[in-house]
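Below is entry-v9.txt, holding compact mmCIF, C-alpha atoms.
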# COMPACT_ATOMS: atom_id res chain seq x y z
CA MET A 100 0.00 0.00 0.00
CA ASP A 101 1.32 3.43 -0.98
CA LEU A 102 1.98 5.24 2.29
CA GLU A 103 1.92 8.65 0.60
CA ALA A 104 -1.58 7.88 -0.61
CA VAL A 105 -2.55 6.81 2.91
CA ARG A 106 -1.03 9.98 4.35
CA THR A 107 -2.95 12.05 1.80
CA PHE A 108 -6.20 10.27 2.62
CA VAL A 109 -5.73 11.08 6.34
CA ALA A 110 -4.96 14.73 5.52
CA VAL A 111 -8.19 15.06 3.50
CA ALA A 112 -10.16 13.34 6.26
CA ASP A 113 -8.74 15.73 8.86
CA THR A 114 -9.24 18.93 6.86
CA GLY A 115 -12.46 17.99 5.08
CA GLN A 116 -11.22 19.58 1.83
CA PHE A 117 -8.86 18.46 -0.93
CA GLN A 118 -7.45 21.98 -1.31
CA LYS A 119 -6.65 22.36 2.39
CA ALA A 120 -5.01 18.93 2.38
CA ALA A 121 -2.94 19.94 -0.64
CA THR A 122 -1.76 23.07 1.19
CA ASP A 123 -0.82 21.10 4.30
CA LEU A 124 1.08 18.52 2.22
CA ALA A 125 2.73 21.17 -0.01
CA VAL A 126 1.44 19.50 -3.19
CA THR A 127 -1.16 20.44 -5.81
CA GLN A 128 -4.84 19.69 -5.45
CA GLN A 129 -4.55 17.54 -8.56
CA ALA A 130 -1.88 15.42 -6.85
CA VAL A 131 -4.14 14.94 -3.83
CA SER A 132 -7.02 13.85 -6.06
CA LYS A 133 -4.80 11.38 -7.94
CA ARG A 134 -3.44 9.84 -4.73
CA VAL A 135 -6.89 9.40 -3.23
CA ALA A 136 -8.23 7.96 -6.48
CA ALA A 137 -5.34 5.48 -6.66
CA LEU A 138 -5.97 4.40 -3.06
CA GLU A 139 -9.67 3.93 -3.80
CA ARG A 140 -8.77 1.74 -6.79
CA ASP A 141 -6.43 -0.36 -4.66
CA LEU A 142 -9.09 -0.84 -1.98
CA GLY A 143 -12.01 -1.21 -4.37
CA VAL A 144 -14.20 1.26 -2.47
CA ARG A 145 -15.03 4.96 -2.41
CA LEU A 146 -13.48 6.74 0.55
CA PHE A 147 -14.98 10.23 0.12
CA GLY A 148 -18.21 11.72 -1.06
CA ARG A 149 -18.27 15.20 -2.57
CA THR A 150 -20.61 17.71 -0.85
CA PRO A 151 -21.02 21.48 -1.02
CA ARG A 152 -19.01 21.69 2.21
CA GLY A 153 -16.11 19.67 0.80
CA ALA A 154 -15.15 16.01 1.18
CA GLU A 155 -16.97 13.74 3.60
CA LEU A 156 -15.93 10.23 4.52
CA THR A 157 -18.09 7.41 3.25
CA ILE A 158 -18.91 4.49 5.52
CA ASP A 159 -15.91 2.67 4.04
CA GLY A 160 -13.75 5.75 4.56
CA GLN A 161 -14.80 5.90 8.22
CA ALA A 162 -13.93 2.23 8.64
CA PHE A 163 -10.53 2.67 6.97
CA LEU A 164 -9.46 5.86 8.80
CA PRO A 165 -8.30 4.37 12.14
CA HIS A 166 -6.32 1.71 10.25
CA ALA A 167 -4.78 4.39 8.06
CA ARG A 168 -3.64 6.31 11.12
CA GLU A 169 -2.13 3.12 12.58
CA LEU A 170 -0.31 2.42 9.30
CA LEU A 171 1.32 5.84 9.50
CA ARG A 172 2.25 5.36 13.16
CA VAL A 173 3.83 1.98 12.40
CA ALA A 174 5.75 3.47 9.47
CA GLU A 175 7.09 6.23 11.69
CA ARG A 176 8.16 3.77 14.38
CA ALA A 177 9.84 1.60 11.76
CA ALA A 178 11.81 4.54 10.39
CA GLY A 179 12.66 5.79 13.87
CA SER A 180 14.03 2.40 14.86
CA VAL A 181 16.99 2.85 12.50
CA ARG A 182 17.55 6.59 12.84
CA THR A 183 20.41 7.10 15.29
CA GLY A 184 19.48 9.67 17.88
CA ARG A 185 15.75 9.15 17.34
CA ARG A 186 15.40 5.48 18.13
CA ALA A 187 15.54 4.08 21.64
CA LEU A 188 18.85 3.00 23.16
CA ARG A 189 18.85 -0.82 23.11
CA VAL A 190 20.65 -2.45 26.05
CA ASP A 191 21.06 -6.10 27.07
CA ILE A 192 20.87 -6.63 30.85
CA ILE A 193 21.06 -10.48 31.06
CA ALA A 194 18.42 -10.83 33.81
CA SER A 195 15.48 -8.72 34.95
CA ARG A 196 16.37 -8.93 38.66
CA GLY A 197 20.14 -8.68 38.36
CA ALA A 198 22.58 -5.88 39.06
CA ALA A 199 22.55 -4.63 35.46
CA SER A 200 18.79 -4.14 35.67
CA GLY A 201 19.31 -1.93 38.73
CA LEU A 202 21.97 0.10 36.93
CA MET A 203 19.62 0.72 34.02
CA ARG A 204 16.76 1.72 36.32
CA ASP A 205 19.03 4.26 37.97
CA PHE A 206 20.06 5.56 34.54
CA HIS A 207 16.41 5.88 33.50
CA ARG A 208 15.59 7.84 36.66
CA ALA A 209 18.52 10.16 35.96
CA HIS A 210 17.65 10.54 32.25
CA PRO A 211 13.88 10.06 31.82
CA GLU A 212 14.06 11.86 28.48
CA ILE A 213 16.04 8.99 26.91
CA ASP A 214 13.94 6.21 25.40
CA LEU A 215 15.16 2.71 26.31
CA ASP A 216 14.61 -0.76 24.90
CA VAL A 217 15.83 -3.30 27.46
CA LEU A 218 16.23 -6.93 26.43
CA MET A 219 17.89 -10.08 27.71
CA LEU A 220 20.27 -12.20 25.63
CA PHE A 221 21.70 -15.48 26.84
CA ASP A 222 25.49 -15.34 26.70
CA ILE A 223 28.39 -13.10 25.74
CA ASP A 224 28.69 -14.58 22.24
CA SER A 225 25.07 -13.66 21.50
CA ALA A 226 25.60 -10.19 22.97
CA VAL A 227 28.76 -9.50 20.94
CA ALA A 228 27.08 -10.68 17.74
CA ALA A 229 24.10 -8.40 18.43
CA ILE A 230 26.37 -5.42 19.13
CA ARG A 231 28.34 -5.97 15.92
CA SER A 232 25.15 -6.32 13.83
CA GLY A 233 23.60 -3.21 15.36
CA THR A 234 20.72 -5.14 16.93
CA ILE A 235 21.68 -3.70 20.33
CA ASP A 236 23.81 -0.76 21.42
CA ALA A 237 25.33 -2.13 24.61
CA SER A 238 25.44 -5.14 26.92
CA PHE A 239 26.40 -5.82 30.52
CA ARG A 240 28.77 -8.81 30.67
CA ALA A 241 31.71 -10.31 32.54
CA VAL A 242 34.64 -10.13 30.07
CA ALA A 243 36.63 -11.73 28.83
CA ALA A 244 36.59 -15.45 29.54
CA PRO A 245 39.85 -17.36 29.06
CA GLY A 246 40.81 -17.82 25.43
CA ARG A 247 37.90 -15.69 24.18
CA PRO A 248 39.11 -12.11 23.79
CA LEU A 249 36.71 -9.49 22.52
CA PRO A 250 36.90 -8.50 18.83
CA ASP A 251 38.89 -5.33 18.16
CA ASP A 252 35.76 -3.36 17.26
CA ILE A 253 34.11 -4.04 20.64
CA ALA A 254 35.01 -1.77 23.56
CA SER A 255 34.41 -2.56 27.21
CA VAL A 256 34.77 -0.95 30.61
CA ARG A 257 34.17 -2.43 34.06
CA VAL A 258 31.27 -0.69 35.74
CA LEU A 259 30.45 -2.71 38.87
CA ASP A 260 32.04 -5.33 41.11
CA GLU A 261 29.07 -7.13 42.67
CA PRO A 262 29.83 -9.00 45.95
CA LEU A 263 28.52 -12.54 46.19
CA GLN A 264 26.30 -13.58 49.08
CA LEU A 265 25.42 -17.04 50.38
CA LEU A 266 21.70 -17.75 50.27
CA THR A 267 20.41 -20.38 52.70
CA GLY A 268 17.16 -21.65 54.15
CA PRO A 269 16.28 -21.09 57.82
CA ALA A 270 17.44 -24.60 58.86
CA HIS A 271 20.87 -24.41 57.26
CA VAL A 272 23.77 -24.66 59.70
CA LEU A 273 25.05 -21.23 58.58
CA ALA A 274 21.65 -19.53 58.61
CA GLY A 275 22.42 -17.57 61.78
CA ALA A 276 25.82 -16.29 60.69
CA ARG A 277 26.28 -12.54 60.16
CA SER A 278 29.00 -13.33 57.60
CA VAL A 279 30.90 -16.40 56.49
CA PRO A 280 34.57 -16.73 55.44
CA LEU A 281 34.93 -18.15 51.96
CA ALA A 282 37.18 -20.99 53.17
CA ARG A 283 34.44 -22.19 55.54
CA LEU A 284 32.19 -23.03 52.60
CA ALA A 285 34.46 -25.86 51.43
CA GLY A 286 32.43 -28.43 53.36
CA HIS A 287 28.97 -27.25 52.28
CA ARG A 288 26.91 -28.10 49.20
CA ILE A 289 26.32 -25.10 46.96
CA TRP A 290 23.69 -25.72 44.29
CA MET A 291 23.62 -23.58 41.12
CA PRO A 292 21.54 -25.24 38.38
CA GLY A 293 21.88 -22.20 36.10
CA LEU A 294 25.55 -22.86 35.29
CA ALA A 295 25.54 -23.50 31.53
CA PRO A 296 28.73 -24.70 29.79
CA GLY A 297 30.46 -22.05 27.70
CA THR A 298 28.93 -19.02 29.42
CA GLU A 299 30.91 -16.27 31.06
CA TRP A 300 29.26 -16.83 34.45
CA THR A 301 30.19 -20.53 34.38
CA ALA A 302 33.80 -19.58 33.59
CA TYR A 303 33.69 -17.30 36.64
CA TYR A 304 32.44 -20.03 38.98
CA ASP A 305 34.84 -22.61 37.51
CA ASP A 306 37.70 -20.36 38.58
CA LEU A 307 36.11 -19.83 42.00
CA VAL A 308 35.92 -23.62 42.48
CA ALA A 309 39.50 -24.11 41.32
CA GLU A 310 40.83 -21.36 43.59
CA PHE A 311 39.00 -22.24 46.81
CA GLY A 312 37.87 -25.86 46.39
CA LEU A 313 34.15 -25.13 46.74
CA PRO A 314 31.71 -28.00 46.04
CA ILE A 315 29.45 -26.18 43.56
CA GLU A 316 26.85 -28.46 41.96
CA ALA A 317 25.06 -27.67 38.71
CA THR A 318 22.97 -30.84 38.54
CA GLY A 319 19.34 -30.93 37.47
CA PRO A 320 17.29 -28.70 35.16
CA ASN A 321 17.12 -24.97 35.74
CA PHE A 322 13.48 -24.11 36.44
CA GLY A 323 14.24 -20.48 37.25
CA SER A 324 14.81 -18.41 40.36
CA ASP A 325 11.45 -19.13 42.02
CA ALA A 326 12.03 -22.90 41.93
CA LEU A 327 15.61 -22.39 43.17
CA LEU A 328 14.38 -20.34 46.15
CA ASP A 329 11.75 -22.96 46.97
CA THR A 330 14.38 -25.73 47.01
CA ILE A 331 16.89 -23.76 49.09
CA ALA A 332 14.18 -22.88 51.62
CA ASP A 333 13.11 -26.51 52.01
CA THR A 334 16.54 -28.22 51.96
CA PRO A 335 18.77 -27.60 55.01
CA ALA A 336 21.81 -29.16 53.33
CA LEU A 337 21.77 -26.82 50.31
CA ALA A 338 22.85 -23.23 49.78
CA THR A 339 23.48 -21.13 46.68
CA PHE A 340 25.38 -18.03 45.65
CA MET A 341 23.49 -14.86 44.81
CA GLY A 342 24.71 -11.45 43.71
CA GLY A 343 24.48 -8.87 46.44
CA HIS A 344 22.66 -6.46 44.10
CA THR A 345 20.21 -9.07 42.83
CA ARG A 346 16.61 -8.33 43.82
CA LEU A 347 14.82 -11.35 45.28
CA VAL A 348 11.22 -11.79 46.34
CA TRP A 349 10.06 -14.92 48.18
CA PRO A 350 7.08 -16.01 50.30
CA ALA A 351 7.27 -14.94 53.93
CA GLY A 352 7.33 -18.55 55.12
CA HIS A 353 10.57 -19.32 53.27
CA GLY A 354 12.71 -17.54 55.87
CA LEU A 355 15.68 -17.30 53.50
CA ARG A 356 18.96 -15.75 54.71
CA ARG A 357 21.37 -13.63 52.65
CA ILE A 358 24.81 -13.92 54.24
CA PRO A 359 27.84 -11.82 53.16
CA VAL A 360 30.90 -13.82 52.12
CA ILE A 361 34.25 -12.49 53.40
CA ASP A 362 37.99 -13.17 53.58
CA PRO A 363 38.00 -12.65 50.61
CA THR A 364 34.70 -11.45 49.17
CA PRO A 365 34.19 -12.87 45.66
CA VAL A 366 32.97 -10.12 43.35
CA TYR A 367 31.27 -10.65 40.01
CA PRO A 368 32.73 -8.10 37.55
CA HIS A 369 30.09 -6.44 35.37
CA SER A 370 31.39 -4.61 32.30
CA LEU A 371 29.60 -2.53 29.68
CA LEU A 372 30.26 -3.58 26.06
CA TRP A 373 29.58 -1.47 22.97
CA HIS A 374 30.76 -1.05 19.37
CA ARG A 375 33.54 1.48 19.00
CA ASP A 376 31.78 3.12 16.02
CA ASN A 377 28.32 3.34 17.59
CA PRO A 378 27.24 7.01 17.30
CA HIS A 379 24.06 6.86 19.39
CA PRO A 380 24.19 9.98 21.63
CA ALA A 381 22.44 8.19 24.51
CA LEU A 382 25.26 5.63 24.62
CA ALA A 383 27.69 8.37 25.63
CA ALA A 384 25.22 9.49 28.30
CA LEU A 385 24.98 5.94 29.66
CA ARG A 386 28.76 5.57 29.82
CA ALA A 387 29.13 8.91 31.61
CA HIS A 388 26.38 8.00 34.09
CA LEU A 389 27.98 4.66 34.92
CA ALA A 390 31.41 6.23 35.32
CA ALA A 391 30.04 8.72 37.83
CA ALA A 392 27.60 6.45 39.66
CA THR A 393 29.54 3.23 40.24
CA PRO A 394 32.40 2.72 42.73
CA GLY A 395 35.96 1.68 41.94
CA HIS A 396 37.18 -1.86 41.38
CA ASP A 397 39.52 -4.37 42.98
CA ALA A 398 38.91 -3.19 46.53
CA ALA A 399 41.01 -4.73 49.30
CA GLY A 400 39.71 -8.07 50.49
CA THR A 401 37.94 -9.00 47.25
CA TRP A 402 38.58 -11.73 44.66
CA ARG A 403 37.99 -11.95 40.93
CA PRO A 404 39.39 -14.30 38.25
CA ASP A 405 42.72 -13.36 36.70
CA TRP A 406 41.15 -13.11 33.24
CA VAL A 407 38.88 -10.22 34.21
CA SER A 408 40.03 -6.94 32.71
CA PRO A 409 41.53 -4.57 35.30
CA ARG A 410 39.71 -1.63 33.70

Could you write out this structure as structure tokens?
Amino acid sequence: MDLEAVRTFVAVADTGQFQKAATDLAVTQQAVSKRVAALERDLGVRLFGRTPRGAELTIDGQAFLPHARELLRVAERAAGSVRTGRRALRVDIIASRGAASGLMRDFHRAHPEIDLDVLMLFDIDSAVAAIRSGTIDASFRAVAAPGRPLPDDIASVRVLDEPLQLLTGPAHVLAGARSVPLARLAGHRIWMPGLAPGTEWTAYYDDLVAEFGLPIEATGPNFGSDALLDTIADTPALATFMGGHTRLVWPAGHGLRRIPVIDPTPVYPHSLLWHRDNPHPALAALRAHLAAATPGHDAAGTWRPDWVSPR
């Protein structure tokens, strides 16, 4: 369907006169008449009736008008989606309750004028491919896993070191602890069914296991965070790791405990990734916000894998 003809039809419907529509569209009245006639031929109906007062919509014209307006709105959104500076900033946050989600909410509160599209991709390979193709503008990831350096056209900067916490049920032997030294966890079962081979978070926990000898188990299907919380609450012998900035909601009867891990505190290193040639003006605003709003890295008493970028 010819969108110019649709736009012309809407202009005539709004003004009630072909001449007024021609003036608004900066074309001749003859051009308006030809566009409307061509649209009527395509649709096989009459859209306007001529009256002494001008042009009035027929019943078919009245039925078509709301759809014509929607066609124009969709066309504008489609064009805006690829116009840098007009389309929304598209950012991958991995998980809706994770630390990256909190960072983006803070950014939105600080810059409500910036339109955002927030989505969740699975792993760093998917995120890098989406950044390089222009599908997204930025992603929060832990980079770079051993043997998998970022491509030269992808830039990154560490934005947040998130401390890990131990999550237990009320009957766990450590449930009453105010904090727990990392070495003390060597004799306790830590269950993390979300560890998927080849992901950056699995590489992180593999190094944590190798460094401190922790018995992390990834057995069984991953039914999501709600099922994980249910199991931890009901199983005194199990605990799990959870990011300190991760938002959790559980039934009051679960009685779950979030216990800081110390000596050292493992931190999960979140970085922002983007394409070096991305010109979206909101990307610069996001980078500046994160630089000003997040604390420094590698604080005393913390641990991270050797492969994590120091910057």

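Taking atom CA of Gly319 of chain A and atom CA of Gly297 of chain A as endpoints, the distance between them is 17.3 Å.
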
**Q.** Selection: 10 Å around Leu170 of chain A, only C-alpha atoms, excl. self and same-chain fewer than 6 positions, as JSON, numbers by chain
**A.** {"A": [100, 102, 105, 106, 164, 176]}

Q: Find the distance between atom CA of Ala384 of chain A and atom CA of Val173 of chain A and write it in Å to one decimal.
A: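 Atom-to-atom, atom CA of Ala384 of chain A and atom CA of Val173 of chain A are spaced 27.7 Å apart.
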
(Q) At a cut-off of 12 Å around the point (25.5, -10.0, 46.7) (file coordinates), what residues fall inside when counting all atoms listed in the file? I'd like the answer as a PyMOL selection string. (A) chain A and resi 197-198+259-266+278+339-347+356-361+364-368

(Q) Just checking: using only C-alpha atoms, which residue out of A:Leu371, A:Ile235, A:Gly275, A:Gly286 ends up closest to His388 of chain A? (A)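 Checking each of A:Leu371, A:Ile235, A:Gly275, A:Gly286 against His388 of chain A, counting only C-alpha atoms, the winner is A:Leu371.
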
Q: Could you please determine the separation between atom CA of Phe117 of chain A and atom CA of Ala177 of chain A in Å, to one decimal place?
A: 28.2 Å

Q. Between A:Pro280, A:Gly160, A:Pro335, A:Gly395, which has the minimum distance to Asp362 of chain A (counting only C-alpha atoms)?
A.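 Smallest separation from Asp362 of chain A among the options: A:Pro280.
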
(Q) Which residue is closest to His374 of chain A? Choose from A:Asp236, A:Asp205, A:Asp123, A:Asp224 and count all atoms listed in the file. (A)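 Ranked by minimum distance to His374 of chain A, first place goes to A:Asp236.
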
Selection near Thr122 of chain A, 10 Å with all atoms listed in the file, sequence-local residues under 6 positions removed, as an mmCIF file with C-alpha atoms, in the frame of the given file:
data_model
loop_
_atom_site.group_PDB
_atom_site.id
_atom_site.type_symbol
_atom_site.label_atom_id
_atom_site.label_comp_id
_atom_site.auth_asym_id
_atom_site.auth_seq_id
_atom_site.Cartn_x
_atom_site.Cartn_y
_atom_site.Cartn_z
ATOM 1 C CA ALA A 110 -4.960 14.730 5.520
ATOM 2 C CA GLN A 128 -4.840 19.690 -5.450
ATOM 3 C CA VAL A 131 -4.140 14.940 -3.830
#

Q: Determine, counting all atoms listed in the file, which protein, DNA and RNA residues have an atom within 12 Å of an atom of Pro248 of chain A; residues of the same chain fewer than 6 positions away are not included. Present the result as a list in words.
A: Ile223, Asp224, Val227, Ala241, Val242, Ala254, Ser255, Glu299, Trp406, Val407 and Ser408 of chain A

Deliver the residues from the most recent selection as a file, using C-alpha atoms, as a PDB file, in the coordinates of the input.
ATOM      1  CA  ILE A 223      28.390 -13.100  25.740  1.00  0.00           C
ATOM      2  CA  ASP A 224      28.690 -14.580  22.240  1.00  0.00           C
ATOM      3  CA  VAL A 227      28.760  -9.500  20.940  1.00  0.00           C
ATOM      4  CA  ALA A 241      31.710 -10.310  32.540  1.00  0.00           C
ATOM      5  CA  VAL A 242      34.640 -10.130  30.070  1.00  0.00           C
ATOM      6  CA  ALA A 254      35.010  -1.770  23.560  1.00  0.00           C
ATOM      7  CA  SER A 255      34.410  -2.560  27.210  1.00  0.00           C
ATOM      8  CA  GLU A 299      30.910 -16.270  31.060  1.00  0.00           C
ATOM      9  CA  TRP A 406      41.150 -13.110  33.240  1.00  0.00           C
ATOM     10  CA  VAL A 407      38.880 -10.220  34.210  1.00  0.00           C
ATOM     11  CA  SER A 408      40.030  -6.940  32.710  1.00  0.00           C
TER      12      SER A 408
END

Q) Can you tell me, as a list of chain:residue names, which residues sit within 6 Å of (16.0, -1.8, 23.0) in the file's frame, using only C-alpha atoms? A)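 Result, sorted by chain then residue number: A:Leu188, A:Arg189, A:Val190, A:Leu215, A:Asp216, A:Val217.
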
Q) Which residue out of A:Trp290, A:Asp222, A:Ala332, A:His396 has the minimum interatomic distance to Pro320 of chain A when all atoms listed in the file are used? A)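 Selected residue with least distance to Pro320 of chain A: A:Trp290.
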
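Closest to Ile331 of chain A among A:Thr234, A:Phe311, A:Leu355, A:Gly143 is A:Leu355, based on all atoms listed in the file.
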
Q.
Which residue is closest to Met291 of chain A? Choose from A:Val279, A:Val308, A:Ala338, A:Leu389 and count only C-alpha atoms.
A.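 Closest residue, counting only C-alpha atoms: A:Ala338.
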
Q.
Can you pull out the residues contacting Val135 of chain A? Cut-off 6 Å, using only C-alpha atoms, and skip same-chain residues under 3 positions away; I want them as number ranges by chain.
A. A: 108, 132, 138

Those same residues - C-alpha atoms - I'd like them written as a short mmCIF file (atom, residue, chain, number, x, y, z; two decimals), keeping the file's coordinate frame.
data_model
loop_
_atom_site.label_atom_id
_atom_site.label_comp_id
_atom_site.auth_asym_id
_atom_site.auth_seq_id
_atom_site.Cartn_x
_atom_site.Cartn_y
_atom_site.Cartn_z
CA PHE A 108 -6.20 10.27 2.62
CA SER A 132 -7.02 13.85 -6.06
CA LEU A 138 -5.97 4.40 -3.06
#

For segment 354-373 of chain A, take all atoms listed in the file, fit an axis-aligned box around them, add 3 Å to each of the six sides, then output centre and edge lengths in Å rounded to one decimal, as JSON.
{"center_x": 25.4, "center_y": -9.5, "center_z": 39.4, "size_x": 31.3, "size_y": 22.1, "size_z": 38.9}

Q: Please identify all polymer residues within 12 Å of Asp113 of chain A, counting all atoms listed in the file, omitting same-chain residues fewer than 6 positions from it, and present them as a list in words.
A: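 That gives Arg106, Thr107, Lys119, Ala120, Ala121, Asp123, Gly153, Ala154, Glu155, Leu156, Gly160, Gln161, Leu164, Pro165 and Arg168 of chain A.
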
Would you save segment 150-167 of chain A to a file, keeping N, CA, C and O atoms, as a PDB file, in the first residue's frame?
ATOM      1  N   THR A 150     -19.451  16.941  -1.325  1.00  0.00           N
ATOM      2  CA  THR A 150     -20.605  17.707  -0.845  1.00  0.00           C
ATOM      3  C   THR A 150     -20.289  19.180  -1.028  1.00  0.00           C
ATOM      4  O   THR A 150     -19.128  19.568  -1.257  1.00  0.00           O
ATOM      5  N   PRO A 151     -21.302  20.032  -0.921  1.00  0.00           N
ATOM      6  CA  PRO A 151     -21.017  21.482  -1.022  1.00  0.00           C
ATOM      7  C   PRO A 151     -20.015  21.966   0.022  1.00  0.00           C
ATOM      8  O   PRO A 151     -19.316  22.962  -0.190  1.00  0.00           O
ATOM      9  N   ARG A 152     -19.933  21.268   1.151  1.00  0.00           N
ATOM     10  CA  ARG A 152     -19.014  21.688   2.211  1.00  0.00           C
ATOM     11  C   ARG A 152     -17.600  21.138   1.995  1.00  0.00           C
ATOM     12  O   ARG A 152     -16.685  21.517   2.710  1.00  0.00           O
ATOM     13  N   GLY A 153     -17.430  20.234   1.045  1.00  0.00           N
ATOM     14  CA  GLY A 153     -16.110  19.670   0.804  1.00  0.00           C
ATOM     15  C   GLY A 153     -16.168  18.166   0.645  1.00  0.00           C
ATOM     16  O   GLY A 153     -17.060  17.649  -0.038  1.00  0.00           O
ATOM     17  N   ALA A 154     -15.246  17.457   1.287  1.00  0.00           N
ATOM     18  CA  ALA A 154     -15.151  16.006   1.179  1.00  0.00           C
ATOM     19  C   ALA A 154     -15.566  15.372   2.491  1.00  0.00           C
ATOM     20  O   ALA A 154     -15.047  15.719   3.550  1.00  0.00           O
ATOM     21  N   GLU A 155     -16.519  14.441   2.416  1.00  0.00           N
ATOM     22  CA  GLU A 155     -16.969  13.738   3.604  1.00  0.00           C
ATOM     23  C   GLU A 155     -16.652  12.255   3.458  1.00  0.00           C
ATOM     24  O   GLU A 155     -16.779  11.679   2.377  1.00  0.00           O
ATOM     25  N   LEU A 156     -16.249  11.649   4.542  1.00  0.00           N
ATOM     26  CA  LEU A 156     -15.932  10.233   4.523  1.00  0.00           C
ATOM     27  C   LEU A 156     -17.174   9.394   4.266  1.00  0.00           C
ATOM     28  O   LEU A 156     -18.247   9.652   4.838  1.00  0.00           O
ATOM     29  N   THR A 157     -17.042   8.412   3.406  1.00  0.00           N
ATOM     30  CA  THR A 157     -18.089   7.413   3.250  1.00  0.00           C
ATOM     31  C   THR A 157     -18.022   6.443   4.433  1.00  0.00           C
ATOM     32  O   THR A 157     -17.121   6.527   5.285  1.00  0.00           O
ATOM     33  N   ILE A 158     -18.960   5.507   4.467  1.00  0.00           N
ATOM     34  CA  ILE A 158     -18.911   4.494   5.525  1.00  0.00           C
ATOM     35  C   ILE A 158     -17.606   3.707   5.437  1.00  0.00           C
ATOM     36  O   ILE A 158     -16.960   3.414   6.456  1.00  0.00           O
ATOM     37  N   ASP A 159     -17.178   3.375   4.209  1.00  0.00           N
ATOM     38  CA  ASP A 159     -15.905   2.671   4.041  1.00  0.00           C
ATOM     39  C   ASP A 159     -14.733   3.541   4.456  1.00  0.00           C
ATOM     40  O   ASP A 159     -13.747   3.053   5.039  1.00  0.00           O
ATOM     41  N   GLY A 160     -14.819   4.833   4.146  1.00  0.00           N
ATOM     42  CA  GLY A 160     -13.754   5.747   4.556  1.00  0.00           C
ATOM     43  C   GLY A 160     -13.643   5.843   6.060  1.00  0.00           C
ATOM     44  O   GLY A 160     -12.538   5.864   6.631  1.00  0.00           O
ATOM     45  N   GLN A 161     -14.803   5.869   6.759  1.00  0.00           N
ATOM     46  CA  GLN A 161     -14.796   5.904   8.216  1.00  0.00           C
ATOM     47  C   GLN A 161     -14.188   4.629   8.792  1.00  0.00           C
ATOM     48  O   GLN A 161     -13.463   4.668   9.795  1.00  0.00           O
ATOM     49  N   ALA A 162     -14.484   3.496   8.159  1.00  0.00           N
ATOM     50  CA  ALA A 162     -13.929   2.228   8.638  1.00  0.00           C
ATOM     51  C   ALA A 162     -12.422   2.161   8.414  1.00  0.00           C
ATOM     52  O   ALA A 162     -11.682   1.591   9.232  1.00  0.00           O
ATOM     53  N   PHE A 163     -11.953   2.763   7.302  1.00  0.00           N
ATOM     54  CA  PHE A 163     -10.531   2.673   6.966  1.00  0.00           C
ATOM     55  C   PHE A 163      -9.683   3.669   7.741  1.00  0.00           C
ATOM     56  O   PHE A 163      -8.490   3.428   7.981  1.00  0.00           O
ATOM     57  N   LEU A 164     -10.248   4.774   8.202  1.00  0.00           N
ATOM     58  CA  LEU A 164      -9.465   5.862   8.795  1.00  0.00           C
ATOM     59  C   LEU A 164      -8.626   5.431   9.999  1.00  0.00           C
ATOM     60  O   LEU A 164      -7.424   5.737  10.041  1.00  0.00           O
ATOM     61  N   PRO A 165      -9.167   4.748  11.003  1.00  0.00           N
ATOM     62  CA  PRO A 165      -8.300   4.368  12.137  1.00  0.00           C
ATOM     63  C   PRO A 165      -7.156   3.448  11.721  1.00  0.00           C
ATOM     64  O   PRO A 165      -6.054   3.531  12.265  1.00  0.00           O
ATOM     65  N   HIS A 166      -7.389   2.590  10.736  1.00  0.00           N
ATOM     66  CA  HIS A 166      -6.320   1.711  10.254  1.00  0.00           C
ATOM     67  C   HIS A 166      -5.270   2.511   9.492  1.00  0.00           C
ATOM     68  O   HIS A 166      -4.073   2.218   9.568  1.00  0.00           O
ATOM     69  N   ALA A 167      -5.729   3.540   8.769  1.00  0.00           N
ATOM     70  CA  ALA A 167      -4.778   4.387   8.059  1.00  0.00           C
ATOM     71  C   ALA A 167      -3.872   5.132   9.033  1.00  0.00           C
ATOM     72  O   ALA A 167      -2.661   5.236   8.816  1.00  0.00           O
TER      73      ALA A 167
END
